[in-house]
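Q: I am sharing data_29.txt, which consists of compact mmCIF, C-alpha atoms and all ligand atoms:
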```
# COMPACT_ATOMS: atom_id res chain seq x y z
CA MET A 290 36.82 32.77 34.06
CA THR A 291 39.84 30.46 34.39
CA ASP A 292 40.16 26.76 35.06
CA ARG A 293 42.45 27.33 38.05
CA LYS A 294 41.86 25.42 41.26
CA LYS A 295 40.63 27.16 44.39
CA MET A 296 43.65 28.15 46.50
CA THR A 297 43.66 26.59 49.96
CA ILE A 298 45.92 26.72 53.03
CA PRO A 299 47.44 23.26 52.30
CA MET A 300 48.21 24.46 48.76
CA LEU A 301 49.92 27.56 50.17
CA PHE A 302 52.03 25.41 52.52
CA LYS A 303 52.87 23.15 49.58
CA LYS A 304 54.25 26.16 47.71
CA VAL A 305 56.39 26.97 50.75
CA ALA A 306 57.65 23.38 50.93
CA ASN A 307 58.50 23.49 47.20
CA ASN A 308 60.29 26.82 47.65
CA GLU A 309 57.81 28.53 45.30
CA PRO A 310 57.16 32.16 46.38
CA ILE A 311 53.54 33.06 47.10
CA THR A 312 52.01 36.04 45.24
CA TRP A 313 49.71 38.33 47.22
CA LEU A 314 48.12 41.62 46.16
CA THR A 315 45.57 44.02 47.55
CA CYS A 316 42.32 44.39 45.65
CA TYR A 317 39.13 46.26 46.40
CA ASP A 318 36.78 45.93 43.41
CA TYR A 319 35.26 43.47 40.92
CA PRO A 320 37.12 44.39 37.68
CA THR A 321 40.53 44.32 39.36
CA ALA A 322 39.70 41.03 41.08
CA TYR A 323 38.72 39.62 37.70
CA LEU A 324 42.16 40.57 36.30
CA GLN A 325 43.99 39.19 39.35
CA GLU A 326 42.07 35.93 38.95
CA GLN A 327 43.18 35.71 35.29
CA ALA A 328 46.79 36.42 36.32
CA GLY A 329 46.66 33.51 38.80
CA ILE A 330 47.52 35.59 41.88
CA ASP A 331 47.59 33.19 44.86
CA MET A 332 46.20 35.44 47.58
CA ILE A 333 44.14 38.63 47.57
CA LEU A 334 43.97 41.05 50.50
CA VAL A 335 40.97 43.32 50.74
CA GLY A 336 43.01 45.73 52.84
CA ASP A 337 41.62 48.53 54.95
CA SER A 338 44.05 50.57 52.84
CA LEU A 339 40.91 50.92 50.70
CA GLY A 340 40.17 53.84 53.02
CA MET A 341 43.00 55.67 51.28
CA THR A 342 43.12 54.12 47.82
CA MET A 343 39.38 53.94 47.17
CA LEU A 344 37.69 56.31 49.59
CA GLY A 345 40.25 59.13 49.76
CA TYR A 346 40.75 59.24 53.54
CA ASP A 347 44.20 60.17 54.89
CA THR A 348 44.44 57.04 57.05
CA THR A 349 42.82 53.61 57.38
CA LEU A 350 41.10 54.52 60.65
CA PRO A 351 37.66 55.65 59.37
CA VAL A 352 37.08 52.38 57.49
CA THR A 353 34.13 50.35 58.83
CA MET A 354 33.18 46.65 58.74
CA GLU A 355 30.41 47.61 56.30
CA ASP A 356 32.98 49.17 53.92
CA MET A 357 35.17 46.08 54.17
CA ILE A 358 32.34 43.63 53.60
CA ARG A 359 30.92 45.52 50.60
CA HIS A 360 34.35 45.59 48.89
CA SER A 361 35.20 41.99 49.85
CA GLN A 362 31.95 40.75 48.32
CA ALA A 363 32.78 42.50 45.03
CA VAL A 364 36.30 41.05 45.04
CA ARG A 365 35.02 37.55 45.73
CA ARG A 366 32.65 37.83 42.75
CA GLY A 367 35.61 38.76 40.54
CA SER A 368 38.00 36.17 41.94
CA PRO A 369 36.36 32.94 43.08
CA ASN A 370 39.66 31.05 43.34
CA ALA A 371 42.28 33.25 45.01
CA PHE A 372 42.73 32.82 48.77
CA LEU A 373 40.73 35.85 49.92
CA VAL A 374 41.83 37.64 53.08
CA GLY A 375 39.61 40.21 54.79
CA ASP A 376 41.48 42.87 56.71
CA MET A 377 39.92 43.54 60.11
CA PRO A 378 39.29 47.31 60.26
CA TYR A 379 40.19 49.63 63.12
CA MET A 380 38.38 48.76 66.38
CA SER A 381 36.74 45.66 64.91
CA TYR A 382 39.01 43.43 67.07
CA GLN A 383 40.93 45.62 69.52
CA PRO A 384 38.13 46.03 72.13
CA SER A 385 37.75 42.34 73.10
CA ILE A 386 38.20 38.73 72.03
CA GLU A 387 34.44 38.42 71.52
CA THR A 388 34.31 41.49 69.27
CA ALA A 389 37.18 40.04 67.25
CA ILE A 390 35.48 36.64 66.81
CA ARG A 391 32.12 38.19 65.86
CA ASN A 392 33.63 40.49 63.23
CA ALA A 393 35.90 37.79 61.81
CA GLY A 394 32.81 35.57 61.57
CA ARG A 395 30.93 38.33 59.74
CA PHE A 396 33.73 38.56 57.20
CA MET A 397 33.61 34.82 56.55
CA ALA A 398 29.82 34.57 56.40
CA GLU A 399 29.00 37.73 54.45
CA SER A 400 31.99 38.00 52.07
CA ALA A 401 33.02 34.37 51.60
CA CYS A 402 36.55 35.27 52.73
CA ASP A 403 39.00 32.41 53.30
CA GLY A 404 40.62 34.06 56.30
CA ILE A 405 41.21 37.35 58.05
CA LYS A 406 44.23 39.52 58.91
CA LEU A 407 44.71 41.68 61.98
CA GLU A 408 47.50 43.94 63.20
CA GLY A 409 49.52 43.58 66.40
CA GLY A 410 51.84 41.32 68.39
CA VAL A 411 51.59 39.80 71.85
CA GLU A 412 48.80 42.22 72.85
CA MET A 413 46.57 40.77 70.08
CA ALA A 414 47.65 37.12 70.50
CA ASN A 415 44.46 36.22 72.41
CA ARG A 416 42.35 37.72 69.59
CA ILE A 417 44.20 35.50 67.08
CA LYS A 418 43.69 32.47 69.34
CA GLY A 419 39.98 33.18 69.79
CA ILE A 420 39.45 33.59 66.04
CA VAL A 421 41.44 30.46 65.19
CA ASP A 422 39.60 28.48 67.89
CA ALA A 423 36.36 29.57 66.22
CA GLY A 424 37.58 27.84 63.05
CA ILE A 425 38.64 30.95 61.14
CA PRO A 426 42.12 31.09 59.55
CA ALA A 427 44.03 34.13 60.86
CA ILE A 428 47.03 36.08 59.57
CA GLY A 429 49.08 38.34 61.86
CA HIS A 430 50.60 41.65 60.78
CA LEU A 431 53.82 42.97 62.37
CA GLY A 432 56.28 45.80 61.73
CA LEU A 433 54.62 48.89 60.36
CA THR A 434 51.00 48.45 61.38
CA PRO A 435 49.05 51.30 59.75
CA GLN A 436 46.24 51.32 62.34
CA SER A 437 48.87 52.35 64.94
CA VAL A 438 50.67 54.82 62.67
CA SER A 439 50.25 57.66 65.14
CA ALA A 440 51.74 55.65 68.02
CA LEU A 441 54.58 54.47 65.74
CA GLY A 442 55.43 58.05 64.79
CA GLY A 443 54.63 57.80 61.07
CA HIS A 444 55.23 55.46 58.15
CA ARG A 445 58.74 54.34 59.05
CA VAL A 446 60.74 51.11 59.01
CA GLN A 447 60.23 49.05 62.18
CA GLY A 448 62.95 46.94 63.85
CA LYS A 449 66.07 48.74 62.66
CA GLY A 450 67.54 48.57 66.17
CA ALA A 451 68.38 45.24 67.85
CA VAL A 452 65.94 45.71 70.74
CA GLN A 453 62.95 46.47 68.54
CA ALA A 454 63.98 43.74 66.06
CA LYS A 455 64.07 41.18 68.92
CA LYS A 456 60.57 42.28 69.93
CA ILE A 457 59.25 41.71 66.39
CA ILE A 458 60.95 38.28 66.24
CA ASP A 459 59.41 37.33 69.63
CA ASN A 460 56.00 38.61 68.52
CA ALA A 461 56.14 36.52 65.35
CA LYS A 462 56.76 33.37 67.39
CA ILE A 463 53.92 34.27 69.81
CA LEU A 464 51.46 34.78 66.92
CA GLU A 465 52.52 31.47 65.41
CA GLU A 466 52.07 29.71 68.77
CA ASN A 467 48.60 31.23 69.07
CA GLY A 468 47.51 29.78 65.75
CA ALA A 469 48.30 32.35 63.04
CA PHE A 470 48.90 30.30 59.89
CA ALA A 471 50.68 33.25 58.27
CA ILE A 472 52.28 36.55 59.27
CA LEU A 473 52.78 39.67 57.18
CA LEU A 474 55.94 41.66 57.92
CA GLU A 475 55.56 45.23 56.70
CA MET A 476 58.62 47.47 56.41
CA VAL A 477 60.89 45.33 58.57
CA PRO A 478 64.63 45.08 57.68
CA ASP A 479 65.44 42.16 55.37
CA ARG A 480 67.71 40.51 57.94
CA VAL A 481 64.98 40.49 60.56
CA CYS A 482 62.54 39.04 58.02
CA LYS A 483 65.09 36.33 57.18
CA ILE A 484 65.48 35.33 60.83
CA ILE A 485 61.69 35.17 61.31
CA THR A 486 61.25 33.13 58.12
CA GLU A 487 64.01 30.68 59.12
CA ARG A 488 62.48 30.25 62.59
CA ALA A 489 58.90 29.79 61.35
CA GLU A 490 57.85 26.17 61.84
CA ASN A 491 54.21 26.06 60.85
CA CYS A 492 53.65 29.58 59.63
CA ILE A 493 53.94 31.29 56.26
CA ILE A 494 55.91 34.55 56.34
CA LEU A 495 54.94 37.22 53.83
CA SER A 496 56.80 40.42 53.08
CA LEU A 497 55.72 43.92 52.22
CA GLY A 498 58.95 45.83 51.82
CA SER A 499 60.79 43.38 54.09
CA GLY A 500 63.01 41.68 51.54
CA PRO A 501 63.27 38.48 49.52
CA SER A 502 63.67 35.83 52.24
CA ALA A 503 59.98 35.58 53.10
CA HIS A 504 57.81 32.79 51.67
CA GLY A 505 55.88 35.32 49.58
CA GLN A 506 55.45 38.95 48.63
CA LEU A 507 52.59 41.43 49.04
CA LEU A 508 52.16 44.68 47.15
CA ILE A 509 49.48 47.35 47.20
CA TYR A 510 47.82 47.21 43.78
CA HIS A 511 47.36 50.98 43.51
CA ASP A 512 51.09 51.57 44.14
CA MET A 513 52.04 49.02 41.45
CA PHE A 514 50.11 50.82 38.75
CA GLY A 515 50.47 54.50 39.59
CA LEU A 516 46.90 54.74 40.82
CA TYR A 517 47.47 56.42 44.19
CA PRO A 518 48.50 60.03 43.67
CA LYS A 519 49.35 61.06 47.26
CA PHE A 520 52.63 59.18 47.71
CA LYS A 521 54.65 56.24 46.41
CA PRO A 522 56.34 54.16 49.09
CA ARG A 523 59.89 52.97 48.36
CA MET A 524 58.94 49.27 48.40
CA ALA A 525 56.34 49.73 45.69
CA LYS A 526 57.77 48.91 42.29
CA VAL A 527 55.63 50.46 39.54
CA PHE A 528 54.87 47.61 37.11
CA GLY A 529 52.93 49.85 34.73
CA ASN A 530 51.64 53.40 34.85
CA ALA A 531 47.91 52.84 34.46
CA GLY A 532 47.27 56.18 36.17
CA GLU A 533 49.08 57.97 33.34
CA VAL A 534 47.28 55.92 30.65
CA ILE A 535 43.90 56.76 32.19
CA LEU A 536 44.74 60.46 32.61
CA ASN A 537 45.79 60.72 28.95
CA GLY A 538 42.58 58.95 27.92
CA LEU A 539 40.46 61.34 29.98
CA LYS A 540 42.17 64.38 28.44
CA GLN A 541 41.65 62.95 24.97
CA TYR A 542 37.95 62.33 25.68
CA ALA A 543 37.48 65.91 26.88
CA LYS A 544 39.28 67.19 23.77
CA GLU A 545 37.25 65.08 21.32
CA VAL A 546 33.90 66.01 22.89
CA THR A 547 34.88 69.68 22.92
CA GLU A 548 36.04 69.52 19.30
CA LYS A 549 32.94 67.47 18.30
CA THR A 550 35.03 64.59 16.91
CA PHE A 551 33.43 62.20 19.40
CA PRO A 552 31.02 60.44 19.02
CA GLN A 553 31.35 58.93 15.53
CA PRO A 554 28.60 56.79 13.86
CA GLU A 555 30.04 53.58 15.30
CA ASN A 556 29.49 55.03 18.79
CA TRP A 557 25.71 55.61 18.53
CA PHE A 558 22.53 53.70 17.74
CA THR A 559 20.14 54.28 14.83
CA MET A 560 16.55 53.46 13.83
CA THR A 561 15.29 52.38 10.40
CA ASP A 562 13.94 54.97 7.92
CA GLU A 563 10.59 53.20 8.08
CA GLU A 564 10.28 53.50 11.85
CA TYR A 565 11.50 57.07 11.70
CA ASP A 566 8.85 58.00 9.11
CA ASP A 567 6.18 56.41 11.29
CA LEU A 568 7.45 58.34 14.26
CA THR A 569 7.43 61.70 12.50
CA LYS A 570 3.87 61.00 11.32
CA MET A 571 2.84 60.16 14.90
CA LEU A 572 4.38 63.39 16.11
CA GLY A 573 2.43 65.32 13.47
O1 LIG B 601 45.30 47.48 54.40
C1 LIG B 601 46.24 47.00 53.76
O2 LIG B 601 46.28 46.98 52.53
C2 LIG B 601 47.31 46.41 54.54
C3 LIG B 601 48.64 46.44 53.88
C4 LIG B 601 49.27 47.76 54.10
C5 LIG B 601 49.48 45.36 54.38
O3 LIG B 601 47.13 46.03 55.64
```
If you took the structure in this file and wrote it as structure tokens, what would it be?
A:
Amino acid sequence: MTDRKKMTIPMLFKKVANNEPITWLTCYDYPTAYLQEQAGIDMILVGDSLGMTMLGYDTTLPVTMEDMIRHSQAVRRGSPNAFLVGDMPYMSYQPSIETAIRNAGRFMAESACDGIKLEGGVEMANRIKGIVDAGIPAIGHLGLTPQSVSALGGHRVQGKGAVQAKKIIDNAKILEENGAFAILLEMVPDRVCKIITERAENCIILSLGSGPSAHGQLLIYHDMFGLYPKFKPRMAKVFGNAGEVILNGLKQYAKEVTEKTFPQPENWFTMTDEEYDDLTKMLG
């Protein structure tokens, strides 16, 4: 492990005050969390995008609290020090304030998350307030909100027009006033993100495809490393093509087994001649 300090909300605000951008990535499993811990990533999101990246669904909607908790626990074991955010899955907070508080509490108690994230603006402000009043740090999520992708008409930029942009700006302020300590802006125009960031008083603004003005950046891990075959969103810079490396390795393995060049002596275990002789005697 590393000797890094556990990331806390005051430390995140200190980064903002020092004009140091915050790093945030999705993560869904132990080995990747281990690597992100070594890389010193500030925040980790166990996103319900795991429904697509890990479970192969077409949307995030079938993901359950049980799925989220199982993956969050694995991530926490791999990264004890990043600020771990559990993403509230579909219908774990929409039905009522009480449902929202209970499920946020489950995340904290069962996965050792440091906070939760939920999607929506003014209509979810009372859920944010209830969760924060229960002592749980909450992050809002505006712009493209994947759980409402059908209502939004697909994966498209949100707030390109002035009226919709004003609504997102108003929603950001409402979430902040209701206690969200941070807000993720997904696929919002850079100028709208800049206005929201400049107007934020006690709230950290994070961007996914919303430009450089935010206090920090989020990327989906699988998009960064060519690990999600179905599509590559424009905002996802590929930092390395691990998918290609793995595919080549798999083909090579199949070839070597087929051609009987794998395994080699260093890949198997032996027994002494003495033990072998005893064995053959025992077998008659
Ligand atoms: O589930 C997730 O990974 C998310 C991102 C798309 C922001 O919510």
Q: Quick one: residues within 9 Å of Ala389 of chain A, only C-alpha atoms counted, chain neighbours fewer than 4 positions away excluded, as a count of residues only?
A: 13
Q: Could you report the residues within 8 Å of ligand LIG 601 (chain B), using only C-alpha atoms and all ligand atoms, as a VMD selection string?
A: chain A and resid 315 334 to 339 349 376 406 408 430 434 to 435 473 475 497 507 to 509
Q: List every protein, DNA or RNA residue that has an atom no more than 7 Å from (47.0, 30.4, 50.4) in the file's coordinate frame, counting all atoms listed in the file, and report them as a count of residues only.
A: 8
Q: Tell me, in Å to one decimal, how far atom CA of Leu373 of chain A is from atom CA of Asp403 of chain A.
A: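 So the two atoms, atom CA of Leu373 of chain A and atom CA of Asp403 of chain A, lie 5.1 Å apart.
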Q: Restricting the calculation to all atoms listed in the file: of A:Leu568, A:Arg445, A:Ser361, A:Ser502, which residue gets closest to Arg523 of chain A?
A: A:Arg445
Q: Please indicate the distance in Å from atom CA of Val446 of chain A to atom CA of Val374 of chain A, rounded to one decimal place.
A: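 Taking atom CA of Val446 of chain A as the start and atom CA of Val374 of chain A as the end point, the length is 24.0 Å.
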Q: Pick the closest to His444 of chain A from A:Met476, A:Met343, A:Ile428, A:Ala471: which is it, counting only C-alpha atoms?
A: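 Ranked by minimum distance to His444 of chain A, first place goes to A:Met476.
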Q: Considering all atoms listed in the file, state which residue in the set A:Ile390, A:Val411, A:Lys295, A:His504 is at the smallest distance from Asn307 of chain A.
A: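 Comparing A:Ile390, A:Val411, A:Lys295, A:His504 against Asn307 of chain A, the winner is A:His504.
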Q: Around segment 324-338 of chain A, fit a box with edges along x, y and z, padding it by 4 Å on each side, then list its centre and edge lengths in Å to one decimal as JSON.
A:
```
{"center_x": 44.3, "center_y": 41.9, "center_z": 45.1, "size_x": 14.6, "size_y": 25.4, "size_z": 27.7}
```
Q: Step by step: start from the point (48.3, 60.6, 40.2) in the file's coordinates, keep every protein, DNA or RNA residue that has an atom no farther than 10 Å from it, count only C-alpha atoms, and write the set as a list in words.
A: Gly515, Leu516, Tyr517, Pro518, Lys519, Phe520, Lys521, Asn530, Ala531, Gly532, Glu533, Ile535 and Leu536 of chain A
Q: Keeping only C-alpha atoms, write the selected residues to a file as a tab-separated table (two decimals), in the coordinates of the input.
A:
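Resulting contents of again-v2.tsv:
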```tsv
chain	number	residue	atom	x	y	z
A	515	GLY	CA	50.47	54.50	39.59
A	516	LEU	CA	46.90	54.74	40.82
A	517	TYR	CA	47.47	56.42	44.19
A	518	PRO	CA	48.50	60.03	43.67
A	519	LYS	CA	49.35	61.06	47.26
A	520	PHE	CA	52.63	59.18	47.71
A	521	LYS	CA	54.65	56.24	46.41
A	530	ASN	CA	51.64	53.40	34.85
A	531	ALA	CA	47.91	52.84	34.46
A	532	GLY	CA	47.27	56.18	36.17
A	533	GLU	CA	49.08	57.97	33.34
A	535	ILE	CA	43.90	56.76	32.19
A	536	LEU	CA	44.74	60.46	32.61
```
Q: With distances taken over only C-alpha atoms, which of A:Phe470, A:Pro378, A:Ala451, A:Gly443 is nearest to Gly404 of chain A?
A: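 Looking only at the distances to Gly404 of chain A, the closest residue turns out to be A:Phe470.
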Q: Which is closer to Trp313 of chain A than all the others in A:Leu539, A:Ile463, A:Ala440, A:Leu495, using all atoms listed in the file?
A: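 Distance minimum relative to Trp313 of chain A lands on A:Leu495.
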